[in-house]
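Quick look at structure.cif (mmCIF, C-alpha atoms):
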data_coords
loop_
_atom_site.label_atom_id
_atom_site.label_comp_id
_atom_site.auth_asym_id
_atom_site.auth_seq_id
_atom_site.Cartn_x
_atom_site.Cartn_y
_atom_site.Cartn_z
CA MET A 619 -40.31 25.61 -24.15
CA GLN A 620 -40.79 27.07 -20.70
CA VAL A 621 -43.76 27.03 -18.31
CA ARG A 622 -43.75 28.93 -15.02
CA VAL A 623 -46.54 29.00 -12.42
CA GLN A 624 -45.65 31.49 -9.72
CA SER A 625 -46.97 33.92 -7.13
CA ASP A 626 -44.15 36.40 -7.84
CA ALA A 627 -44.73 39.31 -10.18
CA PHE A 628 -43.04 39.20 -13.58
CA ASP A 629 -42.03 41.87 -16.10
CA THR A 630 -43.56 41.23 -19.53
CA GLY A 631 -41.03 43.47 -21.27
CA ALA A 632 -38.03 41.83 -19.62
CA GLU A 633 -39.41 38.35 -20.34
CA LEU A 634 -40.01 39.21 -23.99
CA ALA A 635 -36.54 40.76 -24.31
CA GLU A 636 -35.06 37.41 -23.20
CA PHE A 637 -37.41 35.24 -25.24
CA ALA A 638 -35.94 33.66 -28.37
CA GLN A 639 -33.02 36.06 -27.99
CA GLY A 640 -30.13 35.60 -30.40
CA ARG A 641 -32.00 33.21 -32.66
CA HIS A 642 -31.62 33.87 -36.37
CA ASP A 643 -34.03 31.20 -37.60
CA ILE A 644 -37.23 32.90 -36.45
CA GLY A 645 -39.16 35.61 -38.23
CA ALA A 646 -42.10 36.22 -35.90
CA VAL A 647 -42.69 36.58 -32.18
CA VAL A 648 -46.19 37.04 -30.75
CA SER A 649 -46.91 37.79 -27.10
CA PHE A 650 -50.10 38.01 -25.11
CA THR A 651 -50.29 39.56 -21.67
CA GLY A 652 -53.38 39.28 -19.48
CA VAL A 653 -53.77 42.22 -17.10
CA VAL A 654 -55.94 42.68 -13.98
CA ARG A 655 -58.72 44.89 -15.27
CA ASP A 656 -60.68 47.28 -13.14
CA THR A 657 -63.45 48.53 -15.39
CA VAL A 658 -65.65 50.22 -12.79
CA GLY A 659 -62.86 51.50 -10.55
CA ASP A 660 -63.88 49.61 -7.42
CA LEU A 661 -61.50 46.64 -7.62
CA HIS A 662 -59.23 46.31 -4.63
CA HIS A 663 -57.41 43.24 -5.87
CA MET A 664 -57.86 39.97 -7.75
CA LEU A 665 -57.28 36.62 -6.04
CA ILE A 666 -56.20 33.75 -8.24
CA GLU A 667 -56.55 30.23 -6.89
CA HIS A 668 -55.04 27.24 -8.67
CA TYR A 669 -54.59 23.49 -8.37
CA PRO A 670 -50.87 22.84 -7.78
CA GLY A 671 -49.67 19.86 -9.76
CA MET A 672 -52.60 19.74 -12.12
CA THR A 673 -51.85 23.31 -13.26
CA GLU A 674 -48.37 22.47 -14.50
CA ARG A 675 -49.61 19.24 -16.04
CA ALA A 676 -52.52 20.94 -17.83
CA ILE A 677 -50.41 23.81 -19.18
CA GLY A 678 -47.71 21.35 -20.28
CA GLY A 679 -50.32 19.36 -22.20
CA ILE A 680 -51.66 22.51 -23.89
CA VAL A 681 -48.14 23.59 -24.89
CA ASP A 682 -47.46 20.07 -26.25
CA GLN A 683 -50.57 20.33 -28.42
CA ALA A 684 -49.45 23.70 -29.79
CA VAL A 685 -45.96 22.39 -30.54
CA ALA A 686 -47.41 19.35 -32.32
CA ARG A 687 -49.67 21.52 -34.42
CA TRP A 688 -47.50 24.46 -35.48
CA ALA A 689 -43.82 24.79 -36.35
CA LEU A 690 -42.73 26.72 -33.26
CA ALA A 691 -39.15 27.61 -32.42
CA ASP A 692 -40.04 28.44 -28.81
CA VAL A 693 -42.95 28.89 -26.40
CA LEU A 694 -43.14 30.64 -23.03
CA VAL A 695 -46.06 30.52 -20.59
CA ILE A 696 -46.06 32.34 -17.24
CA HIS A 697 -49.14 32.36 -15.00
CA ARG A 698 -49.41 33.95 -11.57
CA TYR A 699 -51.58 32.99 -8.62
CA GLY A 700 -52.32 34.78 -5.34
CA ALA A 701 -53.33 38.42 -4.82
CA LEU A 702 -52.80 40.77 -7.77
CA ALA A 703 -53.31 44.54 -7.90
CA PRO A 704 -55.29 46.29 -10.67
CA GLY A 705 -53.08 46.84 -13.72
CA ALA A 706 -50.74 43.96 -12.80
CA PRO A 707 -49.90 41.30 -15.40
CA ILE A 708 -51.71 38.03 -14.57
CA MET A 709 -50.07 35.86 -17.17
CA MET A 710 -48.26 35.92 -20.47
CA VAL A 711 -47.75 33.70 -23.46
CA ALA A 712 -45.05 34.12 -26.10
CA THR A 713 -44.57 32.15 -29.32
CA ALA A 714 -41.71 32.25 -31.82
CA ALA A 715 -41.95 30.85 -35.34
CA GLY A 716 -40.64 31.24 -38.85
CA HIS A 717 -43.72 33.10 -40.04
CA ARG A 718 -46.42 35.24 -38.50
CA ALA A 719 -49.38 32.95 -39.18
CA GLU A 720 -47.95 30.16 -36.99
CA ALA A 721 -46.91 32.52 -34.19
CA PHE A 722 -50.35 34.21 -34.11
CA ALA A 723 -52.35 30.98 -34.33
CA ALA A 724 -50.33 29.25 -31.61
CA ALA A 725 -50.61 32.20 -29.20
CA ASP A 726 -54.35 32.46 -29.84
CA PHE A 727 -54.78 28.70 -29.33
CA LEU A 728 -52.72 28.73 -26.11
CA MET A 729 -54.85 31.55 -24.72
CA ASP A 730 -58.15 29.86 -25.55
CA TYR A 731 -57.04 26.67 -23.82
CA LEU A 732 -55.38 28.32 -20.82
CA LYS A 733 -58.59 30.28 -20.30
CA SER A 734 -60.86 27.23 -20.02
CA ARG A 735 -58.61 24.19 -19.45
CA ALA A 736 -55.96 25.29 -16.96
CA PRO A 737 -57.15 25.01 -13.33
CA PHE A 738 -57.19 28.66 -12.26
CA TRP A 739 -60.10 30.51 -10.66
CA LYS A 740 -60.35 34.26 -10.33
CA LYS A 741 -62.04 36.12 -7.51
CA GLU A 742 -62.56 39.86 -7.60
CA VAL A 743 -62.29 41.61 -4.26
CA THR A 744 -63.91 45.06 -4.13
CA ARG A 745 -64.63 47.41 -1.25
CA ASP A 746 -68.13 45.94 -1.11
CA GLY A 747 -67.22 42.27 -1.08
CA ALA A 748 -65.79 39.48 -3.16
CA SER A 749 -67.13 37.40 -6.02
CA TRP A 750 -65.87 34.59 -8.20
CA VAL A 751 -65.48 35.45 -11.87
CA ALA A 752 -67.89 33.28 -13.87
CA ALA A 753 -66.62 31.40 -16.89
CA LYS A 754 -68.09 32.72 -20.14
CA ASP A 755 -69.96 30.61 -22.67
CA ALA A 756 -67.94 32.44 -25.34
CA ASP A 757 -64.71 31.07 -23.86
CA GLU A 758 -65.99 27.50 -24.05
CA GLN A 759 -67.25 28.14 -27.59
CA ALA A 760 -63.83 29.53 -28.57
CA LEU A 761 -62.29 26.05 -28.12
CA LYS A 762 -64.33 24.80 -31.06
CA ARG A 763 -62.30 26.99 -33.40
CA TRP A 764 -59.34 24.60 -33.08
CA MET B 875 -51.88 55.62 -30.68
CA GLN B 876 -48.28 55.92 -31.77
CA VAL B 877 -46.58 55.25 -35.13
CA ARG B 878 -42.80 55.45 -35.57
CA VAL B 879 -40.86 54.88 -38.79
CA GLN B 880 -37.15 54.92 -38.02
CA SER B 881 -33.71 53.63 -39.02
CA ASP B 882 -32.66 53.31 -35.37
CA ALA B 883 -32.88 49.96 -33.62
CA PHE B 884 -35.57 49.53 -30.97
CA ASP B 885 -35.98 47.20 -28.00
CA THR B 886 -39.23 45.22 -28.19
CA GLY B 887 -39.14 44.40 -24.47
CA ALA B 888 -38.58 48.01 -23.42
CA GLU B 889 -41.29 49.25 -25.79
CA LEU B 890 -43.77 46.70 -24.48
CA ALA B 891 -42.88 47.54 -20.87
CA GLU B 892 -43.85 51.17 -21.59
CA PHE B 893 -46.92 50.34 -23.66
CA ALA B 894 -50.29 50.88 -21.94
CA GLN B 895 -48.37 51.13 -18.67
CA GLY B 896 -50.39 52.06 -15.59
CA ARG B 897 -53.74 51.58 -17.27
CA HIS B 898 -56.31 49.71 -15.21
CA ASP B 899 -59.02 49.57 -17.87
CA ILE B 900 -57.31 47.05 -20.16
CA GLY B 901 -57.30 43.29 -19.81
CA ALA B 902 -55.27 42.19 -22.81
CA VAL B 903 -52.09 43.26 -24.60
CA VAL B 904 -50.91 41.54 -27.77
CA SER B 905 -47.58 42.23 -29.44
CA PHE B 906 -46.07 41.07 -32.70
CA THR B 907 -42.38 41.45 -33.51
CA GLY B 908 -40.99 40.78 -36.97
CA VAL B 909 -37.37 39.62 -36.91
CA VAL B 910 -34.71 39.42 -39.66
CA ARG B 911 -34.65 35.72 -40.43
CA ASP B 912 -31.65 33.88 -41.75
CA THR B 913 -32.91 30.40 -42.55
CA VAL B 914 -29.98 29.12 -44.58
CA GLY B 915 -27.23 30.87 -42.62
CA ASP B 916 -25.89 32.94 -45.50
CA LEU B 917 -27.62 36.26 -44.85
CA HIS B 918 -25.25 39.16 -44.33
CA HIS B 919 -27.94 41.75 -43.75
CA MET B 920 -31.38 42.86 -44.84
CA LEU B 921 -31.94 46.22 -46.53
CA ILE B 922 -35.34 47.83 -46.09
CA GLU B 923 -36.35 50.59 -48.46
CA HIS B 924 -39.43 52.71 -47.88
CA TYR B 925 -41.35 55.63 -49.32
CA PRO B 926 -41.01 58.51 -46.84
CA GLY B 927 -44.26 60.37 -46.43
CA MET B 928 -46.45 57.70 -47.93
CA THR B 929 -45.22 55.22 -45.29
CA GLU B 930 -46.48 57.29 -42.36
CA ARG B 931 -49.70 58.06 -44.21
CA ALA B 932 -50.35 54.40 -45.09
CA ILE B 933 -49.61 53.13 -41.58
CA GLY B 934 -51.75 55.89 -40.07
CA GLY B 935 -54.64 54.85 -42.30
CA ILE B 936 -54.26 51.19 -41.32
CA VAL B 937 -54.20 52.08 -37.61
CA ASP B 938 -57.32 54.27 -38.11
CA GLN B 939 -59.12 51.30 -39.64
CA ALA B 940 -58.17 49.06 -36.70
CA VAL B 941 -59.32 51.68 -34.18
CA ALA B 942 -62.63 52.09 -36.01
CA ARG B 943 -63.22 48.36 -36.03
CA TRP B 944 -62.20 47.18 -32.56
CA ALA B 945 -62.45 48.75 -29.11
CA LEU B 946 -58.75 49.44 -28.59
CA ALA B 947 -57.31 51.30 -25.63
CA ASP B 948 -53.98 51.82 -27.39
CA VAL B 949 -51.96 50.89 -30.49
CA LEU B 950 -48.23 51.09 -31.17
CA VAL B 951 -46.53 50.53 -34.53
CA ILE B 952 -42.75 50.77 -35.03
CA HIS B 953 -41.13 49.93 -38.38
CA ARG B 954 -37.47 50.22 -39.23
CA TYR B 955 -35.78 50.90 -42.57
CA GLY B 956 -32.13 50.70 -43.65
CA ALA B 957 -29.63 47.88 -43.03
CA LEU B 958 -30.61 45.29 -40.40
CA ALA B 959 -28.54 42.39 -39.07
CA PRO B 960 -29.89 38.81 -38.82
CA GLY B 961 -31.90 38.41 -35.63
CA ALA B 962 -32.67 42.13 -35.37
CA PRO B 963 -36.26 43.27 -34.86
CA ILE B 964 -37.65 44.79 -38.09
CA MET B 965 -40.91 46.06 -36.72
CA MET B 966 -43.42 45.63 -33.96
CA VAL B 967 -47.10 46.12 -33.35
CA ALA B 968 -48.79 46.23 -29.96
CA THR B 969 -52.51 46.44 -29.20
CA ALA B 970 -54.28 46.93 -25.86
CA ALA B 971 -57.95 46.16 -25.32
CA GLY B 972 -60.46 45.12 -22.69
CA HIS B 973 -60.54 41.53 -23.89
CA ARG B 974 -58.22 39.15 -25.72
CA ALA B 975 -60.32 38.68 -28.87
CA GLU B 976 -60.10 42.36 -29.80
CA ALA B 977 -56.39 42.64 -29.00
CA PHE B 978 -55.55 39.52 -31.06
CA ALA B 979 -57.76 40.42 -34.03
CA ALA B 980 -56.45 43.98 -34.23
CA ALA B 981 -52.78 42.90 -34.08
CA ASP B 982 -53.39 40.23 -36.72
CA PHE B 983 -55.23 42.76 -38.94
CA LEU B 984 -52.48 45.38 -38.53
CA MET B 985 -49.84 42.83 -39.54
CA ASP B 986 -51.73 41.66 -42.62
CA TYR B 987 -52.13 45.24 -43.82
CA LEU B 988 -48.63 46.42 -42.91
CA LYS B 989 -47.28 43.44 -44.84
CA SER B 990 -48.99 44.28 -48.13
CA ARG B 991 -50.16 47.91 -47.90
CA ALA B 992 -47.33 49.83 -46.24
CA PRO B 993 -44.65 50.90 -48.74
CA PHE B 994 -41.64 48.91 -47.57
CA TRP B 995 -39.48 46.64 -49.71
CA LYS B 996 -37.01 44.11 -48.38
CA LYS B 997 -33.75 43.08 -50.01
CA GLU B 998 -31.65 40.21 -48.72
CA VAL B 999 -27.91 40.68 -49.04
CA THR B 1000 -25.91 37.45 -48.85
CA ARG B 1001 -22.25 36.72 -49.52
CA ASP B 1002 -23.25 35.69 -53.03
CA GLY B 1003 -25.28 38.74 -53.96
CA ALA B 1004 -28.52 40.53 -53.24
CA SER B 1005 -32.14 39.87 -54.13
CA TRP B 1006 -35.46 41.55 -53.50
CA VAL B 1007 -37.89 39.59 -51.37
CA ALA B 1008 -40.94 38.74 -53.50
CA ALA B 1009 -44.43 39.43 -52.14
CA LYS B 1010 -46.35 36.22 -51.47
CA ASP B 1011 -49.77 35.45 -52.92
CA ALA B 1012 -50.72 34.24 -49.43
CA ASP B 1013 -50.10 37.72 -48.04
CA GLU B 1014 -52.43 39.30 -50.59
CA GLN B 1015 -55.00 36.56 -49.92
CA ALA B 1016 -54.74 37.21 -46.17
CA LEU B 1017 -56.32 40.66 -46.65
CA LYS B 1018 -59.57 39.02 -47.71
CA ARG B 1019 -60.02 37.68 -44.19
CA TRP B 1020 -60.94 41.16 -42.98
CA MET C 761 -44.85 66.09 -61.94
CA ASN C 762 -42.52 64.19 -59.65
CA VAL C 763 -42.13 60.51 -60.61
CA MET C 764 -40.59 58.13 -58.08
CA TYR C 765 -39.29 54.57 -58.37
CA PHE C 766 -38.67 52.08 -55.58
CA ALA C 767 -36.94 48.73 -55.10
CA TRP C 768 -36.12 46.89 -58.34
CA VAL C 769 -38.05 49.45 -60.41
CA ARG C 770 -35.60 52.08 -59.13
CA GLU C 771 -32.66 49.79 -59.87
CA ARG C 772 -33.76 49.03 -63.44
CA ILE C 773 -34.46 52.64 -64.29
CA GLY C 774 -31.32 53.72 -62.48
CA LEU C 775 -32.68 56.63 -60.48
CA PRO C 776 -34.97 57.17 -57.49
CA GLN C 777 -37.00 60.05 -58.86
CA GLU C 778 -37.22 62.59 -61.64
CA VAL C 779 -39.41 65.45 -62.79
CA VAL C 780 -41.42 64.43 -65.86
CA GLU C 781 -43.25 66.79 -68.18
CA THR C 782 -46.07 64.93 -69.88
CA ASP C 783 -49.32 65.37 -71.76
CA ALA C 784 -50.51 61.97 -70.52
CA THR C 785 -53.90 62.11 -68.80
CA THR C 786 -53.67 58.77 -66.98
CA VAL C 787 -51.02 56.71 -65.21
CA ALA C 788 -51.09 54.25 -68.13
CA GLY C 789 -50.40 57.15 -70.50
CA LEU C 790 -47.43 58.21 -68.36
CA VAL C 791 -46.09 54.63 -68.42
CA ALA C 792 -46.39 54.56 -72.24
CA ALA C 793 -44.51 57.86 -72.50
CA LEU C 794 -41.71 56.58 -70.22
CA VAL C 795 -41.46 53.23 -72.04
CA ALA C 796 -41.03 55.10 -75.34
CA ARG C 797 -38.02 56.96 -73.95
CA GLU C 798 -35.36 54.31 -73.34
CA ASP C 799 -34.83 50.57 -72.96
CA ARG C 800 -34.33 50.81 -69.20
CA TYR C 801 -37.86 52.15 -68.82
CA ALA C 802 -39.20 49.46 -71.16
CA ALA C 803 -37.40 46.86 -68.99
CA ALA C 804 -38.85 48.26 -65.76
CA PHE C 805 -42.40 48.41 -67.11
CA ALA C 806 -42.26 45.19 -69.18
CA ASP C 807 -44.79 43.41 -66.93
CA ILE C 808 -47.23 45.95 -65.58
CA SER C 809 -49.04 43.26 -63.55
CA ALA C 810 -45.90 42.98 -61.40
CA LEU C 811 -46.09 46.68 -60.51
CA ARG C 812 -48.07 48.87 -58.17
CA VAL C 813 -48.62 52.61 -58.45
CA ALA C 814 -49.28 55.34 -55.93
CA VAL C 815 -50.74 58.70 -56.96
CA ASP C 816 -50.03 61.49 -54.48
CA GLN C 817 -49.03 58.82 -51.94
CA GLU C 818 -52.23 56.78 -52.21
CA LEU C 819 -52.39 53.41 -53.96
CA ALA C 820 -54.14 53.78 -57.31
CA ASP C 821 -54.98 51.95 -60.53
CA PHE C 822 -53.14 52.38 -63.81
CA ASP C 823 -56.16 54.10 -65.30
CA ALA C 824 -56.13 56.77 -62.58
CA PRO C 825 -56.28 60.34 -64.00
CA LEU C 826 -53.27 62.63 -63.65
CA ALA C 827 -55.08 65.99 -63.57
CA GLY C 828 -53.76 68.00 -60.62
CA VAL C 829 -51.44 65.19 -59.52
CA ARG C 830 -48.05 66.18 -58.08
CA GLU C 831 -46.41 62.83 -57.42
CA VAL C 832 -46.62 59.38 -59.00
CA ALA C 833 -44.63 56.41 -57.67
CA PHE C 834 -44.00 52.99 -59.22
CA PHE C 835 -42.88 49.97 -57.23
CA PRO C 836 -43.25 46.19 -56.87
CA PRO C 837 -45.79 44.71 -54.43
CA MET C 838 -44.89 45.82 -50.91
CA THR C 839 -43.10 43.55 -48.46
CA GLY C 840 -43.45 45.27 -45.11
CA GLY C 841 -43.90 43.75 -41.69
CA MET D 1238 -58.79 8.72 -1.57
CA ASN D 1239 -57.90 12.40 -1.47
CA VAL D 1240 -60.81 14.68 -2.41
CA MET D 1241 -60.09 18.33 -3.21
CA TYR D 1242 -62.33 21.36 -3.59
CA PHE D 1243 -61.52 24.65 -5.29
CA ALA D 1244 -63.00 28.16 -5.58
CA TRP D 1245 -66.64 28.42 -4.44
CA VAL D 1246 -66.92 24.64 -4.06
CA ARG D 1247 -64.17 24.88 -1.43
CA GLU D 1248 -65.92 27.82 0.21
CA ARG D 1249 -69.30 26.09 0.40
CA ILE D 1250 -67.89 22.86 1.78
CA GLY D 1251 -65.57 24.77 4.06
CA LEU D 1252 -62.35 22.92 3.47
CA PRO D 1253 -59.79 22.55 0.68
CA GLN D 1254 -59.33 18.79 0.85
CA GLU D 1255 -60.09 15.71 2.88
CA VAL D 1256 -59.47 11.98 2.83
CA VAL D 1257 -62.66 10.12 1.97
CA GLU D 1258 -63.26 6.38 2.47
CA THR D 1259 -65.93 5.26 0.03
CA ASP D 1260 -67.40 2.21 -1.65
CA ALA D 1261 -68.48 4.36 -4.60
CA THR D 1262 -67.26 3.04 -7.93
CA THR D 1263 -67.75 6.24 -9.94
CA VAL D 1264 -67.36 9.99 -9.42
CA ALA D 1265 -71.17 10.29 -9.43
CA GLY D 1266 -71.33 7.69 -6.66
CA LEU D 1267 -68.76 9.67 -4.65
CA VAL D 1268 -70.84 12.84 -5.11
CA ALA D 1269 -73.98 10.99 -3.86
CA ALA D 1270 -72.09 9.77 -0.80
CA LEU D 1271 -70.82 13.28 -0.01
CA VAL D 1272 -74.25 14.89 -0.55
CA ALA D 1273 -75.76 12.38 1.92
CA ARG D 1274 -73.32 13.52 4.59
CA GLU D 1275 -74.23 17.13 5.35
CA ASP D 1276 -76.10 20.14 3.98
CA ARG D 1277 -72.91 21.97 3.03
CA TYR D 1278 -72.05 19.16 0.58
CA ALA D 1279 -75.61 19.15 -0.73
CA ALA D 1280 -75.29 22.94 -1.29
CA ALA D 1281 -71.97 22.58 -3.11
CA PHE D 1282 -73.21 19.78 -5.39
CA ALA D 1283 -76.75 21.13 -5.88
CA ASP D 1284 -76.20 21.86 -9.59
CA ILE D 1285 -73.77 19.31 -10.98
CA SER D 1286 -73.86 20.97 -14.42
CA ALA D 1287 -72.06 23.97 -12.86
CA LEU D 1288 -69.18 21.75 -11.72
CA ARG D 1289 -66.16 20.15 -13.28
CA VAL D 1290 -64.22 17.19 -11.98
CA ALA D 1291 -60.60 16.07 -12.31
CA VAL D 1292 -59.54 12.50 -11.59
CA ASP D 1293 -55.86 12.14 -10.76
CA GLN D 1294 -55.33 15.67 -12.13
CA GLU D 1295 -56.98 15.03 -15.50
CA LEU D 1296 -60.40 16.45 -16.44
CA ALA D 1297 -62.98 13.65 -16.34
CA ASP D 1298 -66.71 12.97 -16.56
CA PHE D 1299 -68.97 12.29 -13.59
CA ASP D 1300 -69.35 8.67 -14.70
CA ALA D 1301 -65.57 8.12 -14.56
CA PRO D 1302 -64.61 4.98 -12.56
CA LEU D 1303 -62.76 5.36 -9.25
CA ALA D 1304 -60.84 2.07 -9.26
CA GLY D 1305 -57.19 2.82 -8.45
CA VAL D 1306 -57.80 6.56 -8.27
CA ARG D 1307 -55.83 8.51 -5.67
CA GLU D 1308 -57.17 12.04 -6.09
CA VAL D 1309 -60.50 13.54 -7.16
CA ALA D 1310 -61.05 17.30 -7.39
CA PHE D 1311 -64.27 19.29 -7.77
CA PHE D 1312 -64.39 22.89 -8.98
CA PRO D 1313 -66.35 25.37 -11.09
CA PRO D 1314 -65.43 25.98 -14.76
CA MET D 1315 -61.91 27.35 -14.93
CA THR D 1316 -61.16 31.03 -15.47
CA GLY D 1317 -57.48 31.15 -16.32
CA GLY D 1318 -55.64 33.46 -18.70
#
Here is the file; what I need is its structure written in the form of structure tokens.
Amino acid sequence: MQVRVQSDAFDTGAELAEFAQGRHDIGAVVSFTGVVRDTVGDLHHMLIEHYPGMTERAIGGIVDQAVARWALADVLVIHRYGALAPGAPIMMVATAAGHRAEAFAAADFLMDYLKSRAPFWKKEVTRDGASWVAAKDADEQALKRW
Amino acid sequence: MQVRVQSDAFDTGAELAEFAQGRHDIGAVVSFTGVVRDTVGDLHHMLIEHYPGMTERAIGGIVDQAVARWALADVLVIHRYGALAPGAPIMMVATAAGHRAEAFAAADFLMDYLKSRAPFWKKEVTRDGASWVAAKDADEQALKRW
Amino acid sequence: MNVMYFAWVRERIGLPQEVVETDATTVAGLVAALVAREDRYAAAFADISALRVAVDQELADFDAPLAGVREVAFFPPMTGG
Amino acid sequence: MNVMYFAWVRERIGLPQEVVETDATTVAGLVAALVAREDRYAAAFADISALRVAVDQELADFDAPLAGVREVAFFPPMTGG
């Protein structure tokens, strides 16, 4: 199990190539990568603020829940903070398990909880100004699935 | 959208690094990798047989269904056949979308259908002999989710 | 018509494909004609519920008609992914 | 006790953290004491339903007790992932 909170960029492909490498007891690996999205084409960059200390603690608790709930061989969570360019990976989650149902469910669960229970806040900076991304009701509702 | 059926090995990390690269209109990428699993420690290799022609047609149809159902920016499916060593990637699916729900659902859907509706058959070759992997009732049941 | 066999169906029958001349009008009729040939076919088709069939590379039922069909394939449930 | 502010709460109050001496026994009491101080606090805490609070780095309710607490943080709903 590995959790990294960092301002440095990371390479999803390279991380996934390393993840659960050389293990013969797993059958399924699922990854999720969140990317800075610029729908309208006016985004200059995204600023991600976080709460050092609580961030690591919150993510660790979410990973512990996933591990207690599904038979996982390994879990990786990386989440960036700071200024990120459009198209850049914001964060990734990877899960390894014997079968696909566990790997999918755990990755989906981790994402739902990281979205609404890990202390990160996103601000979009465009040419015209900056605004905080509002949390969505749907994201809070999504937690009730688990 | 890209579908590849091949005997050659592939590198999940390298494929994912290329996938949806440089796109600023996507927010979420999900990947699934199926790996040759050797639970007991007696697997020599896995043989995957397929039905050339029908395989490409079946996978193409499954991808078309996913694209019709979810707003996907891109889809990648790679599936190997032939002899595969324990720990080797068998196949992968990647989906790119604006939001995580679509990317997760489409990858999950693609896996359920590839599992039971793409003409591949797995045979496990151990030191003691060889046996065909039986389809699971749960895999057929999983299709009813969609 | 070209008839193909995969996985343990191929192993029981002992060949991957063959050209079959038949008057059968449905897949079930083709199966009956094959079963009547030799024990190895009877062994492969003993439990039809354990088999799947594709007609011209599309999954089909055993009562599917054979008119105009060029290729029929028999195999166990698929185990892809 | 150390009081921290994040995202637009930090921007409205104009600082990321401060040490606050208070007799308040609950988070809600601390909020009332801060709001009484200056308009910028009143602006930040105007709609408490739009805020979340963490007590010693764990999510908590506004009626959480402050006895023995070293750090309280106020912020909008999180937008991670």
Selection result of the PyMOL selection byres ((chain B) within 8 of (chain A)) on this file, as number ranges by chain: B: 885-891, 896-913, 960-961, 972, 974, 978, 982
Run the PyMOL selection byres ((chain B) within 7 of (chain C)) against the file shown and list the residues it catches, as a list in words. Gly908, Glu923, Met928, Met965, Met985, Leu988, Lys989, Ser990, Arg991, Ala992, Pro993, Phe994, Trp995, Lys996 and Ala1009 of chain B
On this file, the PyMOL selection byres ((chain D and resi 1271) around 12) gives some set of residues; write that set as a list in words.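 On this input, the PyMOL selection byres ((chain D and resi 1271) around 12) captures Val1240, Ile1250, Glu1255, Val1256, Val1257, Glu1258, Thr1259, Asp1260, Ala1261, Val1264, Ala1265, Gly1266, Leu1267, Val1268, Ala1269, Ala1270, Val1272, Ala1273, Arg1274, Glu1275, Asp1276, Arg1277, Tyr1278, Ala1279, Ala1280, Ala1281, Phe1282, Ala1283 and Phe1311 of chain D.
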Mind giving me the straight-line distance from atom CA of His662 of chain A to atom CA of Ala627 of chain A in Å, one decimal? 17.0 Å
Rounded to one decimal, what separation in Å do you get between atom CA of Ala715 of chain A and atom CA of Gly678 of chain A? 18.7 Å
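Atom CA of Gln880 of chain B is found 10.4 Å from atom CA of His924 of chain B.
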Selected residue, from B:Ala1008, B:Ala942, B:Leu1017, B:Ala980, that lies nearest to Ala810 of chain C when counting only C-alpha atoms: B:Ala1008
